[in-house]
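Engineer: Once you've had a glance at the structure underneath, I'll fire off some questions.
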Amino acid sequence: KHCVKLLRAMNNEQSPLNIYFIPFLASGHLIPLCNIATLFASRGHRVTVITTPSYVQILQKSNPSLLLHVVDFPAQEAGFPGGVQLMSAANDDESARKFYHANMLLRVPISRFLEQHPPDCVIADYIHSWVHEVASNLRIARLAFNGFSLFTVAAMESVRSNPALVPEAGPFLIPDFPHRITLCSTPPKGVTGFVQRLLETEMKSDGLIVNSFVELDGEEYIPYYEKGKAHKAWHLGPAFLAAKVGEERGEKSVVSEEECVSWLNSKQAKSVVYVSFGSVCRFPDKQLFEMACGLEEAAHNFIWVVPEKKGKEDESEEEKAKWLPKGFEERNAEKGLIIRGWAPQLVILAHNAVGAFLTHCGWNSTLEAVTAGVPMLTWPVLGDQFYNERLVTEVRGVAVEVGATEWRETGYGEREKLVTRDCIEKAVRRLMDGGDEAEEIRRRAKELSDKAKEALGDGGSSHNNLTALIAHLTHLRDTR
Ligand code: UDP
C-alpha cells in the first residue's frame with residue numbers, strides 16, 4: 001500500500017475516487033444531490049447513485065454520466081401505495097409517515113451493498129442518518145447533504161442552542177447571528193425536533209456539502225458555521241448548472257418544453273409572473289381561489305403551476321368553481337397559462353419573458369431563481385423556507401415578501417390564515433409595475449445571477465471548492 005502511495009506521489013497521479021450517493025426520494029432532495037454527483041463525475045471520478053427503479057429512466061436522461069445501483073422500493077412492507085416512489089405522492093400525514101418508513105427500510109439492501117463493495121466516500125442525504133453508523137463501521141469517509149442553504153443551517157443551529165426560544169411563539173430575533181434577522185414566529189415543534197436530531201448526526205460527518213455558492217451565503221456564514229460547529233462546509237453550487245436542462249428532472253412534465261417556450265415567446269420581456277410552490281406544498285381550494293383573484297387583479301401575464309389539480313382536466317363546473325373564479329380561464333386566455341402538474345421550471349425561469357417568480361422559497365427554487373436573475377415574490381410555507389425568505393429579501397435584496405406568516409409542519413391540510421388576494425396583488429405590482437424599487441431589485445438580481453454562473457466556471461468559487469474537496473477526499477482515502 002505504501003509503495004503504491006509513494007509511486008502515486010512521485011508521478012503526481014491521482015487515481016479516480018469511487019463515490020456513492022444516496023438521495024432521499026423527494027424531488028427537492030433528489031434533484032440537487034444527483035446534480036452534485038454529476039459535478040464529481042465531470043472531474044473523471046467513478047460516481048454511483050443508489051436509487052429505486054422509478055427514478056432510473058429520468059436520471060439516465062438528465063444525468064447520463066452517473067452509474068446507477070438500483071434497489072427495490074419497499075412500498076408494500078411500509079404500506080405505501082404500490083408503484084409510487086416519490087414523496088410528492090404523499091398527500092397527508094399518514095402517507096408521509098409510511099413514505100418515510102419505506103425510505104428507512106432501504107437501510108438493509110443499501111448497507112449490504114456498502115459492505116460488499118465499499119467505496120472511498122459516501123454522500124448521503126441527511127434523512128438517511130443511519131448511513132453514519134454503517135460508514136463509520138466500515139471506515140468509509142462520509143460527507144453530509146441536507147439540501148439547505150448554509151444561512152439556514154446556521155439559523156437553525158442558532159435557534160436550537162437558545163433554550164429561551166420556545167416553539168410556535170411570536171416574532172423573534174435570531175440570536176448571535178451575523179445579520180440582524182427577525183422571523184415572524186419560532187418554528188413548529190414537531191419538525192424542529194426531527195430536523196435537529198438529523199443535524200446532530202450530520203455534524204459527525206467529514207464535512208457538509210452545500211448546494212449554494214460562496215457569494216450568496218458563504219462569505220459571512222462559512223466562518224460563522226465552521227468556528228461555531230468545528231465542522232467544514234463546502235459550497236459547490238448551483239449544482240443544477242451541471243445537469244441537462246429539459247422536461248425531465250424529478251418528475252415528468254405535463255407540458256412540453258416547446259409548448260412553454262412558444263407561449264413565453266409570444267410575451268414581452270419581463271412581463272410574466274411564474275407561480276409555483278415546488279414538489280410538496282399543496283393548497284386548499286379556498287387559498288387557490290384567493291391566489292387566482294390576486295393574480296387576475298394584478299393584471300400581469302402569468303404561468304401558474306397547480307399540482308393540486310393534476311389529472312383533473314375533466315372536473316365538473318361545480319368542482320372547478322371552488323378554486324377558480326367563474327370565467328377565469330376565458331378572461332385570462334391570453335394572459336395566463338395554467339399547468340396542472342409538473343412544469344419544466346428551469347426552462348421557464350431561463351426565458352427572458354419571465355419577470356418575477358412567486359415561490360414558496362424551497363431552496364432549489366430559490367437558487368434557480370437567483371441563478372436565472374429572476375426577482376422573487378416570497379410566500380414561505382414550511383421547513384427551511386422562512387429562513388430562505390429572509391436571505392433573499394432582507395440580506396440580498398432580490399425579492400419582496402407576499403406576507404405569509406403561517407409556519408406549517410407539513411405542506412398539506414387546511415390553513416388557519418389565508419394569504420389574501422390584496423396581499424398577492426400588491427406584491428406582484430410592487431415588482432411588475434416598474435419604479436425605482438423594482439429596478440433596484442432587478443439590478444441586484446442580475447448582479448447575483450452573474451456571480452452564480454461564475455461560481456461554477458473555471459476558477460470560480462464553487463469550481464475551486466470542488467477541486468479542494470476532491471484533494472481532501474483523495475488524501476483521506478490514501479491515509480486511512
Ligand atoms: N420542480 C420542477 N417542476 C415543478 C415543480 C418543481 O422542475 O413543477 C423542481 C424545481 O425546479 C426544484 C425542485 O423541483 O428543483 C423543488 O425543490 P424546492 O427545494 O424548490 O422545493 P420542494 O419541492 O423541496 O418543496
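Labels for the C-alpha cells follow display order: chains A, B, ..., residues from 1 in each chain, ligands from 1.
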Taking only C-alpha atoms and all ligand atoms into account, report as an NGL selection string which residues have an atom no farther than 8 Å from an atom of ligand 1.

Structural biologist: :A and (26-29 or 31-32 or 147 or 240 or 247-251 or 253 or 276-281 or 305 or 307 or 341-346 or 360-366 or 368)

Engineer: Which residues are close to stretch 234-237 of chain A, i.e. within 6 Å by only C-alpha atoms, leaving aside same-chain residues fewer than 5 positions away? Reply as number ranges by chain.

Structural biologist: A: 209-213, 462

Engineer: With C-alpha atoms retained, write the just-selected residues as a PDB file, in the first residue's frame.

Structural biologist:
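Output (out.pdb):
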ATOM      1  CA  ILE A 209     -21.852  19.780   1.111  1.00  0.00           C
ATOM      2  CA  VAL A 210     -23.945  22.856   0.359  1.00  0.00           C
ATOM      3  CA  ASN A 211     -25.802  23.448  -2.885  1.00  0.00           C
ATOM      4  CA  SER A 212     -25.155  27.167  -2.935  1.00  0.00           C
ATOM      5  CA  PHE A 213     -22.228  29.437  -3.795  1.00  0.00           C
ATOM      6  CA  SER A 462     -17.546  26.509  -6.338  1.00  0.00           C
TER       7      SER A 462
END

Engineer: Write out as JSON, numbers by chain which residues come within 10 Å of A:Glu440 when counting only C-alpha atoms, dropping same-chain ones fewer than 5 positions away.

Structural biologist: {"A": [397, 398, 434, 435, 445, 446]}

Engineer: From the options A:Glu290, A:Glu401, A:Glu406, A:Glu259, which residue's atoms come nearest to A:Leu431, counting only C-alpha atoms?

Structural biologist: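 Looking only at the distances to A:Leu431, the closest residue turns out to be A:Glu401.
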
Engineer: DSSP on the backbone, alpha helix (DSSP H) only: what residues of stretch 58-121 of chain A does that give? Format it as a ChimeraX atom specification.

Structural biologist: /A:58-62,75-78,93-105,107-116

Engineer: Could the residues in this selection be written to a file with C-alpha atoms, as an mmCIF file, in the first residue's frame?

Structural biologist:
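Saved the output as selection34.cif:
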data_model
loop_
_atom_site.group_PDB
_atom_site.id
_atom_site.type_symbol
_atom_site.label_atom_id
_atom_site.label_comp_id
_atom_site.auth_asym_id
_atom_site.auth_seq_id
_atom_site.Cartn_x
_atom_site.Cartn_y
_atom_site.Cartn_z
ATOM 1 C CA ILE A 58 -35.341 10.137 -15.705
ATOM 2 C CA LEU A 59 -31.879 10.102 -14.169
ATOM 3 C CA GLN A 60 -30.323 8.456 -17.210
ATOM 4 C CA LYS A 61 -31.647 11.300 -19.363
ATOM 5 C CA SER A 62 -30.852 14.236 -17.075
ATOM 6 C CA ALA A 75 -43.628 0.112 -0.723
ATOM 7 C CA GLN A 76 -45.599 -2.954 0.297
ATOM 8 C CA GLU A 77 -43.721 -3.545 3.560
ATOM 9 C CA ALA A 78 -44.301 0.098 4.511
ATOM 10 C CA ASP A 93 -49.601 12.890 7.424
ATOM 11 C CA GLU A 94 -50.293 9.175 7.374
ATOM 12 C CA SER A 95 -48.974 8.575 3.849
ATOM 13 C CA ALA A 96 -45.958 10.830 4.544
ATOM 14 C CA ARG A 97 -45.155 8.695 7.588
ATOM 15 C CA LYS A 98 -45.377 5.500 5.520
ATOM 16 C CA PHE A 99 -43.223 7.012 2.825
ATOM 17 C CA TYR A 100 -40.554 7.899 5.376
ATOM 18 C CA HIS A 101 -40.753 4.391 6.801
ATOM 19 C CA ALA A 102 -40.257 2.877 3.321
ATOM 20 C CA ASN A 103 -37.130 5.008 2.932
ATOM 21 C CA MET A 104 -35.788 3.797 6.260
ATOM 22 C CA LEU A 105 -36.290 0.190 5.157
ATOM 23 C CA ARG A 107 -31.128 0.610 5.050
ATOM 24 C CA VAL A 108 -30.921 -3.175 4.733
ATOM 25 C CA PRO A 109 -30.193 -3.565 0.994
ATOM 26 C CA ILE A 110 -28.041 -0.429 0.821
ATOM 27 C CA SER A 111 -25.916 -1.414 3.864
ATOM 28 C CA ARG A 112 -25.362 -4.815 2.304
ATOM 29 C CA PHE A 113 -24.162 -3.169 -0.899
ATOM 30 C CA LEU A 114 -21.814 -0.848 1.047
ATOM 31 C CA GLU A 115 -20.361 -3.790 2.948
ATOM 32 C CA GLN A 116 -19.825 -5.887 -0.158
#

Engineer: Please return, as a list in words, all residues of stretch 162-331 of chain A that DSSP assigns to strand (DSSP E or B) on the basis of the backbone.

Structural biologist: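 Assigned to strand (DSSP E or B), within stretch 162-331 of chain A: Phe172, Leu173, Thr182, Leu183, Leu208, Ile209, Val210, Ala233, Trp234, His235, Glu248, Arg249, Glu251, Lys252, Val272, Val273, Tyr274, Val275, Ser276, Asn301, Phe302, Ile303, Trp304 and Val305 of chain A.
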
Engineer: Mind dumping the selected residues with C-alpha atoms as a compact mmCIF listing (two decimals), in the first residue's frame?

Structural biologist:
# COMPACT_ATOMS: atom_id res chain seq x y z
CA PHE A 172 -38.06 36.70 17.33
CA LEU A 173 -34.58 37.90 16.52
CA THR A 182 -36.26 38.80 12.71
CA LEU A 183 -38.61 35.93 11.86
CA LEU A 208 -21.14 19.27 4.80
CA ILE A 209 -21.85 19.78 1.11
CA VAL A 210 -23.94 22.86 0.36
CA ALA A 233 -18.82 23.34 4.86
CA TRP A 234 -18.17 23.09 1.13
CA HIS A 235 -20.21 25.30 -1.23
CA GLU A 248 -37.46 15.52 -17.24
CA ARG A 249 -35.97 16.12 -13.84
CA GLU A 251 -40.85 14.07 -12.42
CA LYS A 252 -42.09 14.06 -15.98
CA VAL A 272 -44.71 37.17 -16.94
CA VAL A 273 -45.07 36.11 -13.30
CA TYR A 274 -44.16 32.45 -12.83
CA VAL A 275 -46.07 30.88 -9.90
CA SER A 276 -45.02 27.55 -8.40
CA ASN A 301 -49.19 37.73 -17.54
CA PHE A 302 -48.68 34.54 -15.54
CA ILE A 303 -47.77 30.86 -15.66
CA TRP A 304 -49.47 29.21 -12.70
CA VAL A 305 -48.42 25.67 -11.71

Engineer: Can you tell me which residues surround stretch 193-205 of chain A at a distance of at most 8 Å, considering only C-alpha atoms, apart from same-chain residues fewer than 6 positions away, and format the answer as number ranges by chain?

Structural biologist: A: 126-127, 129, 132, 141-144, 160, 229, 231

Engineer: Taking 3 positions as the minimum chain separation for residues in the same chain, which residues sit within 8 Å of A:Ala242 when counting only C-alpha atoms? Answer as a count of residues only.

Structural biologist: 5

Engineer: Quick one, how far is atom CA of A:Pro284 from atom CA of A:Lys312?

Structural biologist: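 These atoms are spaced 15.0 Å apart.
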
Engineer: Out of A:Leu216, A:Val70, A:Leu138, A:Ile222, which residue has the shortest atom-to-atom distance to A:Leu106 when counting only C-alpha atoms?

Structural biologist: A:Val70

Engineer: Select, from A:Ile174, A:Val159, A:Leu448, A:Ala399, the residue with the minimum atom-to-atom distance to A:Ala356, counting only C-alpha atoms.

Structural biologist: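 Distance minimum relative to A:Ala356 lands on A:Ala399.
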
Engineer: For a test of reading the model, state the distance in Å between atom CA of A:Val381 and atom CA of A:Gly411, rounded to one decimal.

Structural biologist: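 Taking atom CA of A:Val381 and atom CA of A:Gly411, their separation equals 7.0 Å.
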
Engineer: In Å, rounded to a single decimal, give me how far atom CA of A:Glu334 is from atom CA of A:Glu258.

Structural biologist: 17.6 Å

Engineer: For A:Ser262, please output as a PyMOL selection string all residues within 12 Å (counting only C-alpha atoms; exclusion window: fewer than 6 positions along the same chain).

Structural biologist: chain A and resi 255-256+337+347-348+351+353

Engineer: Store the residues picked out above, limited to N, CA and C atoms, as a tab-separated table (two decimals), in the first residue's frame.

Structural biologist:
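The resulting file, selection.tsv, is shown below:
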chain	number	residue	atom	x	y	z
A	255	VAL	N	-46.42	19.44	-19.46
A	255	VAL	CA	-46.39	20.22	-20.71
A	255	VAL	C	-45.00	20.10	-21.30
A	256	SER	N	-44.92	20.24	-22.62
A	256	SER	CA	-43.59	20.11	-23.23
A	256	SER	C	-42.84	21.42	-23.10
A	337	LEU	N	-51.28	31.03	-18.38
A	337	LEU	CA	-51.15	29.61	-18.71
A	337	LEU	C	-51.18	28.85	-17.39
A	347	VAL	N	-36.51	25.66	-17.64
A	347	VAL	CA	-36.75	26.23	-18.96
A	347	VAL	C	-37.54	27.54	-18.81
A	348	ILE	N	-38.53	27.52	-17.94
A	348	ILE	CA	-39.37	28.71	-17.75
A	348	ILE	C	-38.55	29.85	-17.13
A	351	HIS	N	-36.24	31.84	-19.39
A	351	HIS	CA	-36.79	32.62	-20.51
A	351	HIS	C	-36.88	34.10	-20.14
A	353	ALA	N	-38.88	36.33	-20.91
A	353	ALA	CA	-40.22	36.90	-20.71
A	353	ALA	C	-40.62	36.85	-19.23

Engineer: Using only C-alpha atoms, find the one residue out of A:Ile22, A:Val47, A:Trp407, A:Gln14 that sits nearest to A:Tyr387.

Structural biologist: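 Residue with the minimum atom-to-atom distance to A:Tyr387: A:Trp407.
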
Engineer: Taking only C-alpha atoms into account, name the residue in A:Asn265, A:His69, A:Phe283, A:Glu437 that is nearest to A:Gly413.

Structural biologist: A:Phe283
